[in-house]
Number of protein chains: 2
Amino acid sequence: MEKVGIIGIGATKFGELWKQSLRDLLAESQLKAIEDAKISEKDIDLIFTGNMCSGDFSGQNHLGSMASEILNLNVPSIRVEAACASGSVALRQGMQAIRGGEADIVLVNGVEKMTDVQTRQATTGLMGAGDEEWEGFNGLTFCGLYAMMARAYMHKYRLTREQLALVSVKNHKHATYNPIAHYHNEITVDQVLNSSIIADPLTLLDCSPITDGSASVVLAREDIARKFESPIWILGSGQANDTLSLHARKSLTEIPASTHAAQRALMQAKLGIDKVNVTEVHDCFSIAEVMAIEDLGLIPRGEAGRIMEEGQTYFDGKVPVNSCGGLKACGHPIGATGIKQVWEIVKQLRNEAGKRQIGKANIGLTHNVGGTGSTVVVNVFGRDRENKGY
Amino acid sequence: MEKVGIIGIGATKFGELWKQSLRDLLAESQLKAIEDAKISEKDIDLIFTGNMCSGDFSGQNHLGSMASEILNLNVPSIRVEAACASGSVALRQGMQAIRGGEADIVLVNGVEKMTDVQTRQATTGLMGAGDEEWEGFNGLTFCGLYAMMARAYMHKYRLTREQLALVSVKNHKHATYNPIAHYHNEITVDQVLNSSIIADPLTLLDCSPITDGSASVVLAREDIARKFESPIWILGSGQANDTLSLHARKSLTEIPASTHAAQRALMQAKLGIDKVNVTEVHDCFSIAEVMAIEDLGLIPRGEAGRIMEEGQTYFDGKVPVNSCGGLKACGHPIGATGIKQVWEIVKQLRNEAGKRQIGKANIGLTHNVGGTGSTVVVNVFGRDRENKGY
C-alpha cells in the first residue's frame with residue numbers, strides 16, 4: 001500500500017477568537033501549513049476540510065469551495081463530516097486520494113467557529129452528533145450521554161470522583177506548555193469537583209470547552225515526501241463505526257469502535273500498541289480519556305484510576321497522553337480537533353514540542369471519536385519508516 | 001486507472017414525504033440498492049453519504065453512523081458535503097476508495113429531508129451553498145443569485161422569457177414518465193410566466209422544489225463487477241471548484257467549473273462530448289439548464305433558446321437532457337440529486353427507463369452543481385467498456 005507523508009502542518013491559536021471569522025481561521029491554518037511545507041499553493045492537487053456545524057453556527061455550508069477560493073485554486077475541494085471525528089475522517093480521505101493515484105499533494109483542514117452562537121444553540125447543534133430521533137428529541141444532551149457512561153464506569157470499576165478529575169488536572173498542566181492552547185491555567189482536583197455540575201457526575205471542568213480554531217496538514221505521496229525535510233509517515237489508519245445511539249450498545253463502559261479502529265490501524269502499521277510512544281486521545285469529557293486509554297489497549301481494563309494517580313499519563317510518564325492539553329485544555333473546535341491531534345503528534349515526532357516534548361518519540365497515535373463512539377478513527381504515525389528500532 | 005462498476009441502484013419516491021423521516025428515506029434507498037445488486041449488506045466495505053442540510057433541517061449530523069447503523073455494519077461510513085453537489089462528490093469518494101484499494105464494494109447514498117422546516121428556514125439553510133459573509137449577510141437569496149445570471153444571459157444572448165420557460169415545460173413532460181418524480185403534471189409556457197415571481201425574472205415554475213428523497217448506488221471493483229449482470233461503468237470523473245461567491249467570477253452567463261469538470265471527466269473517459277447519448281444536468285433553476293448544456297459543449301454557446309424551441313432537448317430529441325424530469329420536476333432533495341442523476345443514467349443505459357427510454361443509450365453523463373458553480377462534478381458512464389461502438 002502506497003505510503004503517505006506529512007510534509008507541513010499549521011494551526012491557529014485555539015480559543016474564543018472574536019476577531020476571526022470562519023474564513024479567517026481556515027485561511028490562517030492553510031497558509032501556515034503551506035509555509036511550513038515550503039511548497040506553493042499551486043502544488044496542491046486536492047483539498048479536504050473536516051467540519052461539523054458551520055451550517056448551524058455560521059449559516060455557511062460548502063466549505064470545500066471556501067477552502068479552495070482562499071488559495072485561488074480550482075482543484076477539487078470537499079468537506080467531510082463525522083461529528084467530532086470530522087478532522088480525522090478528512091485526513092483519511094486525503095490519504096486515500098493519494099493512495100488511489102488521484103493526487104500527489106493534498107491539503108487537509110479541520111475547522112470550527114463555535115463562539116458566534118449562544119450556548120443553547122451550541123448545545124443543540126452538538127447533539128446532532130448523537131441520535132436526534134431517539135436521544136436529542138427526548139431531552140438528552142451530549143454531556144448527559146457521557147455522564148451516563150461516567151456513572152456506569154465509576155460503578156463498575158470503582159473509579160472515584162477524585163480519580164476522574166485527574167484527567168482534567170493533567171491536561172490543563174500540559175496545556176500550559178502549548179502556545180496554541182485555549183487555556184494556560186493549572187487547575188486542582190478540588191476545583192474540578194467544586195465547579196458547576198453540567199450533567200452529574202460531570203462538572204464544568206470535566207467538559208471540553210466551546211472553542212474556535214483551525215488546523216491544516218499537507219500530505220504527499222511517498223516519493224515526493226522523501227524530498228522534503230523530516231517527513232512524518234502515516235503508517236496505518238483505521239476507522240470503525242457503531243450505532244448512532246448509545247442505548248443500542250451492549251456496554252456503557254467501553255467504546256468498541258475505538259478498539260476496532262485501533263486494531264485496523266496497528267495491523268496496517270504492522271505494530272503493537274506497546275510500540276507507541278505518544279498518544280493523543282479524544283477527551284471531550286474526562287471519562288472519555290479514561291475509556292480511550294483502555295479501549296486502545298494502552299493500559300489494562302479498569303486500571304485507569306490507579307495509573308492516573310501514579311502520574312503515568314503525564315507527558316513525562318510511562319504512557320504519555322494528550323501532551324498538547326487534549327480537548328479539555330487545548331480546546332475542542334469540533335472539526336479541527338482531529339487535525340490538531342496530528343499537528344501535535346508531528347510536533348512530537350519532529351522533536352519540536354518544546355517544554356512538553358516527550359523523551360523518545362518515534363511512533364505516535366491519534367484517536368478521534370465522533371458522537372458517543374459512533375465513528376472512531378485511529379491513525380498511527382512514524383518518524384522514519386526505515387528505522388528498524390520501532 | 002482501476003475501473004469501477006455500478007452493480008445496484010435504488011431510490012425512494014421523491015416528494016413531500018410527511019410520513020418518512022430522514023432515517024426512513026436513507027434506509028429505503030440503501031435497501032433497494034442492495035436488493036437491486038443482489039448482494040448481502042455484509043459485502044459492503046465502506047459507505048459514503050452525500051447530504052447538505054440535515055443539521056439545519058433535522059438537528060441530525062453524523063449521517064455516516066446512521067447509514068451504517070441501518071445495515072448493522074461497523075465499516076467506515078462517512079458523510080460528505082458540497083452543497084447541491086454533495087451526492088456526486090460522495091460518488092467520487094466511493095470510486096476513489098475502490099481505486100485506492102481501500103474497498104472492493106462501496107455503498108454511496110445521497111439523501112435530504114427538507115419538508116420538516118418552514119420555507120424561511122429552508123431558504124436560509126440553502127443560502128449556505130453560497131457565500132454567507134458576502135452574499136447571504138447582505139440579503140441575497142439563492143434564487144436571487146440565479147436570477148441575476150438569468151438576466152445577464154437573457155440580455156447577452158437575446159434569450160426570451162418564453163424560451164427560458166421551455167426548460168420547465170420539457171422537464172415536467174419528462175417527469176410524467178418517471179414513477180419516482182415529485183410532479184406528474186404537465187405545464188405550459190403560460191403557466192410558467194404567470195406563476196408567482198420568486199426573484200425576477202424567475203417565477204415559481206422556474207425553480208426546483210423543496211423535496212424529500214434518497215438515492216443509493218452500489219459500486220464494485222472491476223473484476224467483481226464483471227461477475228454481475230449488466231454492470232454500468234464509470235468511465236471518467238471530473239470535479240472543479242470555483243469561488244464561493246458569484247461576484248468574484250468574471251462572467252455571469254457561464255459556469256467555468258462545469259467546463260473544467262467536463263473536460264477532466266471526458267479526458268479520463270477518452271471520449272468527446274459528441275459520444276454522449278444521454279445527459280442529466282443540474283437544473284436547480286431553468287437558467288441553470290440553459291447554461292449547463294452550453295458549458296458542457298453539448299450545443300454551441302448562446303444557441304440554447306433556438307435549440308429548445310426545436311425540441312432537441314426532449315428525451316426523443318437530438319440532445320436528450322434530464323429524461324427523469326430534472327431537478328425541476330423529479331424534485332431536488334439536495335444531497336440526493338447527484339445520486340438520483342446516476343440512478344437515471346443507469347436506468348437509461350440498462351434500457352430500463354420505460355416510456356422515457358431514449359433510443360440509443362451507450363454513454364451517459366451527469367452534471368451536478370454546488371452553489372452558483374462553486375463545485376461542479378461531471379461523471380461519464382458507459383454500458384459496456386469493451387464496446388468499440390462508443
# chains A, B, ... in the order shown; residues from 1 in each chain; ligands from 1
>>> interface_residues(of="chain B", to="chain A", cutoff="6 Å", atoms="only C-alpha atoms", output="VMD selection string")
chain B and resid 56 59 to 62 65 to 66 69 74 to 76 79 to 83 99 to 100 128 to 129 132 239 to 244 374
>>> residues_around(residues="Arg301 of chain B", least_positions_apart="2", cutoff="10 Å", atoms="only C-alpha atoms", output="NGL selection string")
:B and (157 or 253-254 or 290-291 or 293-299 or 303-304)
>>> closest_residue(among="B:Arg383, B:His174, B:Arg249, B:Arg221", to="Val321 of chain B", atoms="only C-alpha atoms")
B:His174
>>> closest_residue(among="A:Arg92, A:Lys173, A:Lys156, A:Lys13", to="Thr313 of chain A", atoms="only C-alpha atoms")
A:Lys173
>>> atom_distance(atom1="atom CA of Gln121 of chain A", atom2="atom CA of Phe142 of chain A")
12.7 Å
>>> select_by_dssp(residues="segment 190-368 of chain B", states="helix (DSSP H, G or I)", output="ChimeraX atom specification")
/B:190-194,204-206,222-225,246-248,256-269,273-275,286-295,304-309,326-329,334-349,354-356
